[in-house]
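J.: Handing you a structure now.
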Amino acid sequence: MTKNPKQIGSKQPSHPLDDLIRTDRIPHIWCPGCGIGTVFSSCLTAIKATEIPYNEFTMVSGIGCSARGAGYIKLDSFHTTHGRAIPFASGIKMAKPDLNVIVFSGDGDLFAIGGNHFIHAARRNMDITVICVNNLNYGMTGGQVAATTPSRAKTTTTPFGNPDSPFNLPLLAYASGASYVARWTILHVRDLTNAINEAIRKKGFSFIEVLAPCPINYGRRNKEKSLDTMKLYQEKTIIKNGADPGRADIDFERGVILGTFVDTDRSTCDDMYEVTCRQCSED
Amino acid sequence: MAFWRQPLDTQEIQITKGVVNIIEDRCKGCGYCIEFCPMHILAFSDHFNKKGYHPPQTTKPDECVNCHYCEIICPEFAIYSTEAPL
C-alpha cells in the first residue's frame, strides 16, 4: 500500500492535524465549548499514531452533531442515514475486510434509533471501532431527552426532570458481546487517544464511550457551563481499569467510573463467515 | 510548576521549551486551553477575531514546556505548540 504523504513546510501556520482535516470547512459547526471537536481531534491523532496508511481507513457516521465528523475528515468517509451507521460500516467491512472501519457518531444515533443495530453488530463481533460521543441529550434538534439522559436531568421535553433511567452503555456493550469496551471523558484526552489507538488495532467489535459537554442544549438547562462540566469530569470521576461494567452508570454524585472495562478476544464475524460459508466456494 | 513535594531529581531533569502557536480565526473562545494549561501561561486577549470571539494569548511565552495539552484539548484545531528553536 502507499505511504502517507509527508507534510510540506509552508509559510502559513498549520496545525499538525491539518493533513487529516478538510481545512476549507473549518471552523466547524460545533458550538463553543462543545466536546465533539476534542473527541474528533483525538480520533485523528490516534489514526495518525497507528502509522497505518490513510487509505486503509474509512469513517462512517449517522445523523447528529457528532456525525458531522465524517464530513470534516480528509479520508474516505460516509455520512449515512439516521441510526444506520453500523449497518453501513458492517457492509463495508464484509466487502473489504482489510479496511479499518471507524464509526464516529453520537448517543442518539447509536443507541436510540440505532440501538438494535448496535447490539447485533456487537453480538456478531463485527471487526469495527465504534466511538460514541455521549452528550446526554439530542443536541442537534434542540436538546430533547435521550436514552442516555440521567434521571431527573432537565431537557426541553422534560422540564420537570427526566423520570426515566438512562442506558448504561458499557454494560450494554459488554452484555451484547463487544470485545473492547472503554469509557473516557474529553478531559482525559491522552487516555482517550490511547484507547482509540488500541481499539483500531483490536480485532473485533470495539466500543468507546466518550463523555462530552453540551453547554448550549444540556448545560444551559441544568445550570452547567462547559467549564463546570469539565470540573465535574476532573473531580467526580474514578479511573478504574477492568471495573465491573454493571457499576458504570453515570451518577456524578457517586462518581463515574472511567477506564477499559472489557478487553477480550473472540472470533470475528468475518472469520466465522469464512469458516462456515466460504469453505466450499473454492471448488 | 507547583509540587506538593519537591522531586529528588529536579536538578537533573531537562525541561523542554515550547512556542505556542495560535490560529486566531479558528478560535471560538471556549477557554479550555486557558483553564487547563498546566503552566497557566494563557489568557483571553482583548481583541476580537474574525468571528467576534476573544482568542487566547500567551502571557508568559518563555514558560511553555511544550506539553501539547492545549493542542489536544482544543476542539477547534486552533492552537498548537512546537519545540522552541535553540
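Naming scheme: A, B, ... for chains in displayed order of the C-alpha cells; residues 1 onward per chain; ligands 1 onward as shown.
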Give me the residues near segment 60-75 of chain B as a PyMOL selection string, where near means some atom within 9 Å (using only C-alpha atoms) and where sequence neighbours in that chain fewer than 6 positions away do not count.
T.: (chain A and resi 15+30+32-42+45+186-190) or (chain B and resi 15-20+27+30-34+36-42+81-84)
J.: Would you mind listing what lies within 12 Å of Gly219 of chain A as a JSON list (two decimals) with N, CA and C atoms, in the first residue's frame, with only C-alpha atoms counted and same-chain residues fewer than 2 positions away left out?
T.:
[["chain", "number", "residue", "atom", "x", "y", "z"],
["A", 33, "GLY", "N", -17.32, 25.45, 23.23],
["A", 33, "GLY", "CA", -17.38, 24.66, 24.45],
["A", 33, "GLY", "C", -17.86, 23.24, 24.22],
["A", 34, "CYS", "N", -18.29, 22.91, 23.01],
["A", 34, "CYS", "CA", -18.75, 21.55, 22.70],
["A", 34, "CYS", "C", -17.55, 20.61, 22.70],
["A", 135, "ASN", "N", -23.28, 13.11, 24.81],
["A", 135, "ASN", "CA", -23.51, 14.42, 25.42],
["A", 135, "ASN", "C", -24.83, 14.47, 26.17],
["A", 136, "LEU", "N", -25.39, 13.33, 26.46],
["A", 136, "LEU", "CA", -26.55, 13.15, 27.35],
["A", 136, "LEU", "C", -27.86, 13.75, 26.84],
["A", 137, "ASN", "N", -27.94, 14.16, 25.59],
["A", 137, "ASN", "CA", -29.22, 14.65, 25.06],
["A", 137, "ASN", "C", -29.16, 14.67, 23.53],
["A", 139, "GLY", "N", -28.61, 16.83, 20.90],
["A", 139, "GLY", "CA", -28.11, 18.21, 20.77],
["A", 139, "GLY", "C", -28.61, 18.92, 19.53],
["A", 143, "GLY", "N", -32.09, 19.75, 22.11],
["A", 143, "GLY", "CA", -31.92, 19.34, 23.50],
["A", 143, "GLY", "C", -33.07, 18.54, 24.08],
["A", 149, "THR", "N", -29.97, 10.35, 28.86],
["A", 149, "THR", "CA", -30.13, 11.47, 29.78],
["A", 149, "THR", "C", -30.27, 10.95, 31.21],
["A", 153, "ALA", "N", -32.61, 14.90, 35.14],
["A", 153, "ALA", "CA", -31.99, 16.00, 34.40],
["A", 153, "ALA", "C", -33.05, 16.71, 33.57],
["A", 154, "LYS", "N", -32.93, 18.02, 33.46],
["A", 154, "LYS", "CA", -33.93, 18.79, 32.72],
["A", 154, "LYS", "C", -33.54, 18.89, 31.26],
["A", 155, "THR", "N", -34.50, 18.71, 30.38],
["A", 155, "THR", "CA", -34.29, 18.89, 28.95],
["A", 155, "THR", "C", -35.51, 19.62, 28.40],
["A", 156, "THR", "N", -35.51, 19.91, 27.10],
["A", 156, "THR", "CA", -36.65, 20.62, 26.51],
["A", 156, "THR", "C", -37.95, 19.86, 26.73],
["A", 212, "ALA", "N", -18.91, 14.05, 26.76],
["A", 212, "ALA", "CA", -18.56, 15.36, 26.24],
["A", 212, "ALA", "C", -19.62, 16.37, 26.67],
["A", 213, "PRO", "N", -19.21, 17.58, 27.04],
["A", 213, "PRO", "CA", -20.21, 18.57, 27.43],
["A", 213, "PRO", "C", -21.01, 19.09, 26.25],
["A", 214, "CYS", "N", -22.27, 19.41, 26.50],
["A", 214, "CYS", "CA", -23.12, 20.08, 25.51],
["A", 214, "CYS", "C", -23.60, 21.35, 26.19],
["A", 215, "PRO", "N", -22.80, 22.42, 26.19],
["A", 215, "PRO", "CA", -23.13, 23.58, 27.01],
["A", 215, "PRO", "C", -24.39, 24.31, 26.56],
["A", 216, "ILE", "N", -24.71, 24.25, 25.28],
["A", 216, "ILE", "CA", -25.82, 25.06, 24.78],
["A", 216, "ILE", "C", -27.16, 24.41, 25.08],
["A", 217, "ASN", "N", -27.27, 23.11, 24.84],
["A", 217, "ASN", "CA", -28.59, 22.49, 24.98],
["A", 217, "ASN", "C", -28.78, 21.73, 26.29],
["A", 221, "ARG", "N", -29.77, 24.15, 30.48],
["A", 221, "ARG", "CA", -30.99, 23.81, 31.23],
["A", 221, "ARG", "C", -30.66, 23.16, 32.57],
["A", 222, "ASN", "N", -29.41, 22.72, 32.76],
["A", 222, "ASN", "CA", -29.06, 22.08, 34.02],
["A", 222, "ASN", "C", -28.04, 22.91, 34.80],
["A", 223, "LYS", "N", -27.94, 24.19, 34.47],
["A", 223, "LYS", "CA", -27.06, 25.13, 35.17],
["A", 223, "LYS", "C", -25.61, 24.63, 35.19],
["A", 224, "GLU", "N", -25.13, 24.25, 34.02],
["A", 224, "GLU", "CA", -23.76, 23.76, 33.92],
["A", 224, "GLU", "C", -23.10, 24.47, 32.75],
["A", 225, "LYS", "N", -22.14, 25.36, 33.01],
["A", 225, "LYS", "CA", -21.36, 25.91, 31.91],
["A", 225, "LYS", "C", -20.35, 24.84, 31.49],
["A", 226, "SER", "N", -19.75, 25.00, 30.29],
["A", 226, "SER", "CA", -18.87, 23.94, 29.82],
["A", 226, "SER", "C", -17.70, 23.71, 30.78],
["A", 227, "LEU", "N", -17.19, 24.78, 31.38],
["A", 227, "LEU", "CA", -16.08, 24.59, 32.32],
["A", 227, "LEU", "C", -16.52, 23.90, 33.60],
["A", 228, "ASP", "N", -17.81, 24.10, 34.00],
["A", 228, "ASP", "CA", -18.34, 23.37, 35.17],
["A", 228, "ASP", "C", -18.37, 21.88, 34.88],
["A", 229, "THR", "N", -18.80, 21.53, 33.65],
["A", 229, "THR", "CA", -18.84, 20.11, 33.27],
["A", 229, "THR", "C", -17.43, 19.53, 33.31],
["A", 230, "MET", "N", -16.45, 20.30, 32.83],
["A", 230, "MET", "CA", -15.07, 19.82, 32.83],
["A", 230, "MET", "C", -14.58, 19.62, 34.27]]
J.: Could you give me, as JSON, numbers by chain, the residues within 8 Å of Arg123 of chain A, counting only C-alpha atoms and dropping anything in the same chain fewer than 3 positions from it?
T.: {"A": [119, 120, 176, 177, 178]}
J.: Tell me which protein, DNA and RNA residues are within 8 Å of segment 77-84 of chain A, counting only C-alpha atoms, leaving out same-chain ones fewer than 6 positions away, and put them as a PyMOL selection string.
T.: chain A and resi 58-63+67-68+70-71+109-110+112-115+117
J.: Let's have the selection written as a CSV table (one decimal), in the first residue's frame, with C-alpha atoms.
T.:
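Final file, result_2.csv:
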chain,number,residue,atom,x,y,z
A,58,THR,CA,-13.0,4.6,6.4
A,59,MET,CA,-15.0,6.7,8.8
A,60,VAL,CA,-18.8,6.2,8.9
A,61,SER,CA,-21.3,8.3,10.8
A,62,GLY,CA,-25.0,8.6,11.1
A,63,ILE,CA,-27.0,11.8,11.8
A,67,ALA,CA,-21.9,12.6,12.9
A,68,ARG,CA,-20.7,15.7,11.1
A,70,ALA,CA,-17.3,12.3,8.7
A,71,GLY,CA,-17.6,15.5,6.7
A,109,ASP,CA,-27.9,8.0,16.7
A,110,LEU,CA,-26.2,4.9,18.0
A,112,ALA,CA,-31.9,5.4,20.3
A,113,ILE,CA,-32.7,5.0,16.7
A,114,GLY,CA,-29.8,2.7,16.0
A,115,GLY,CA,-29.8,0.7,19.3
A,117,HIS,CA,-28.0,-2.3,15.1
J.: Quick one: everything within 7 Å of Asp25 of chain B, counting only C-alpha atoms, minus sequence neighbours fewer than 2 positions away in the same chain. Send it as a PDB file with N, CA, C and O atoms, in the first residue's frame.
T.:
ATOM      1  N   ILE B  23      -3.900  29.901  15.905  1.00  0.00           N
ATOM      2  CA  ILE B  23      -4.554  30.292  14.650  1.00  0.00           C
ATOM      3  C   ILE B  23      -5.826  31.028  15.075  1.00  0.00           C
ATOM      4  O   ILE B  23      -6.855  30.418  15.359  1.00  0.00           O
ATOM      5  N   CYS B  27     -10.529  30.153  16.464  1.00  0.00           N
ATOM      6  CA  CYS B  27     -10.899  30.060  17.886  1.00  0.00           C
ATOM      7  C   CYS B  27     -12.356  30.462  18.097  1.00  0.00           C
ATOM      8  O   CYS B  27     -12.857  31.385  17.463  1.00  0.00           O
ATOM      9  N   ASN B  49     -11.435  38.243  17.098  1.00  0.00           N
ATOM     10  CA  ASN B  49     -11.038  37.624  15.831  1.00  0.00           C
ATOM     11  C   ASN B  49     -12.145  37.845  14.794  1.00  0.00           C
ATOM     12  O   ASN B  49     -13.122  38.557  15.068  1.00  0.00           O
ATOM     13  N   LYS B  50     -11.978  37.203  13.646  1.00  0.00           N
ATOM     14  CA  LYS B  50     -12.916  37.439  12.535  1.00  0.00           C
ATOM     15  C   LYS B  50     -14.356  37.104  12.918  1.00  0.00           C
ATOM     16  O   LYS B  50     -15.291  37.721  12.454  1.00  0.00           O
ATOM     17  N   LYS B  51     -14.533  36.091  13.792  1.00  0.00           N
ATOM     18  CA  LYS B  51     -15.882  35.646  14.152  1.00  0.00           C
ATOM     19  C   LYS B  51     -16.427  36.368  15.381  1.00  0.00           C
ATOM     20  O   LYS B  51     -17.530  36.070  15.832  1.00  0.00           O
TER      21      LYS B  51
END
J.: Using backbone DSSP assignments, extract all alpha helix (DSSP H) residues from segment 17-252 of chain A; output them as number ranges by chain.
T.: A: 36-50, 69-72, 85-95, 107, 115-124, 169-176, 189-201, 226-235
J.: Which distance in Å separates atom CA of Gly142 of chain A and atom CA of Pro166 of chain A, to one decimal?
T.: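 It comes out at 18.9 Å.
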J.: So which bits of segment 1-73 of chain B end up strand (DSSP E) when you DSSP the backbone, as an MDAnalysis selection string?
T.: chainID B and resid 18:22 42:44 56:58
J.: Using N, CA, C and O atoms, can you export the residues from the last selection as a PDB file, in the first residue's frame?
T.:
ATOM      1  N   GLY B  18       8.865  25.333  24.713  1.00  0.00           N
ATOM      2  CA  GLY B  18       8.000  25.335  23.537  1.00  0.00           C
ATOM      3  C   GLY B  18       7.549  26.726  23.149  1.00  0.00           C
ATOM      4  O   GLY B  18       7.722  27.688  23.891  1.00  0.00           O
ATOM      5  N   VAL B  19       6.979  26.792  21.955  1.00  0.00           N
ATOM      6  CA  VAL B  19       6.376  28.030  21.471  1.00  0.00           C
ATOM      7  C   VAL B  19       4.912  27.730  21.188  1.00  0.00           C
ATOM      8  O   VAL B  19       4.593  26.724  20.564  1.00  0.00           O
ATOM      9  N   VAL B  20       4.012  28.578  21.702  1.00  0.00           N
ATOM     10  CA  VAL B  20       2.593  28.379  21.464  1.00  0.00           C
ATOM     11  C   VAL B  20       2.207  29.096  20.179  1.00  0.00           C
ATOM     12  O   VAL B  20       2.512  30.274  20.005  1.00  0.00           O
ATOM     13  N   ASN B  21       1.577  28.357  19.256  1.00  0.00           N
ATOM     14  CA  ASN B  21       1.103  28.958  18.011  1.00  0.00           C
ATOM     15  C   ASN B  21      -0.416  28.989  18.043  1.00  0.00           C
ATOM     16  O   ASN B  21      -1.039  27.971  18.334  1.00  0.00           O
ATOM     17  N   ILE B  22      -1.002  30.134  17.773  1.00  0.00           N
ATOM     18  CA  ILE B  22      -2.458  30.261  17.829  1.00  0.00           C
ATOM     19  C   ILE B  22      -2.970  30.693  16.458  1.00  0.00           C
ATOM     20  O   ILE B  22      -2.498  31.686  15.905  1.00  0.00           O
ATOM     21  N   LEU B  42      -1.670  31.085  29.579  1.00  0.00           N
ATOM     22  CA  LEU B  42      -2.572  31.614  28.554  1.00  0.00           C
ATOM     23  C   LEU B  42      -3.665  32.455  29.207  1.00  0.00           C
ATOM     24  O   LEU B  42      -4.029  32.231  30.356  1.00  0.00           O
ATOM     25  N   ALA B  43      -4.158  33.444  28.460  1.00  0.00           N
ATOM     26  CA  ALA B  43      -5.260  34.284  28.947  1.00  0.00           C
ATOM     27  C   ALA B  43      -6.026  34.792  27.743  1.00  0.00           C
ATOM     28  O   ALA B  43      -5.498  34.813  26.630  1.00  0.00           O
ATOM     29  N   PHE B  44      -7.287  35.195  27.961  1.00  0.00           N
ATOM     30  CA  PHE B  44      -8.053  35.780  26.857  1.00  0.00           C
ATOM     31  C   PHE B  44      -7.418  37.108  26.454  1.00  0.00           C
ATOM     32  O   PHE B  44      -7.018  37.897  27.314  1.00  0.00           O
ATOM     33  N   PRO B  56      -7.140  33.261  22.669  1.00  0.00           N
ATOM     34  CA  PRO B  56      -6.179  33.316  23.773  1.00  0.00           C
ATOM     35  C   PRO B  56      -4.868  33.979  23.356  1.00  0.00           C
ATOM     36  O   PRO B  56      -4.574  34.086  22.167  1.00  0.00           O
ATOM     37  N   GLN B  57      -4.124  34.436  24.342  1.00  0.00           N
ATOM     38  CA  GLN B  57      -2.773  34.939  24.071  1.00  0.00           C
ATOM     39  C   GLN B  57      -1.853  34.417  25.161  1.00  0.00           C
ATOM     40  O   GLN B  57      -2.312  34.050  26.248  1.00  0.00           O
ATOM     41  N   THR B  58      -0.549  34.362  24.894  1.00  0.00           N
ATOM     42  CA  THR B  58       0.383  33.879  25.916  1.00  0.00           C
ATOM     43  C   THR B  58       0.807  35.054  26.770  1.00  0.00           C
ATOM     44  O   THR B  58       1.258  36.077  26.267  1.00  0.00           O
TER      45      THR B  58
END
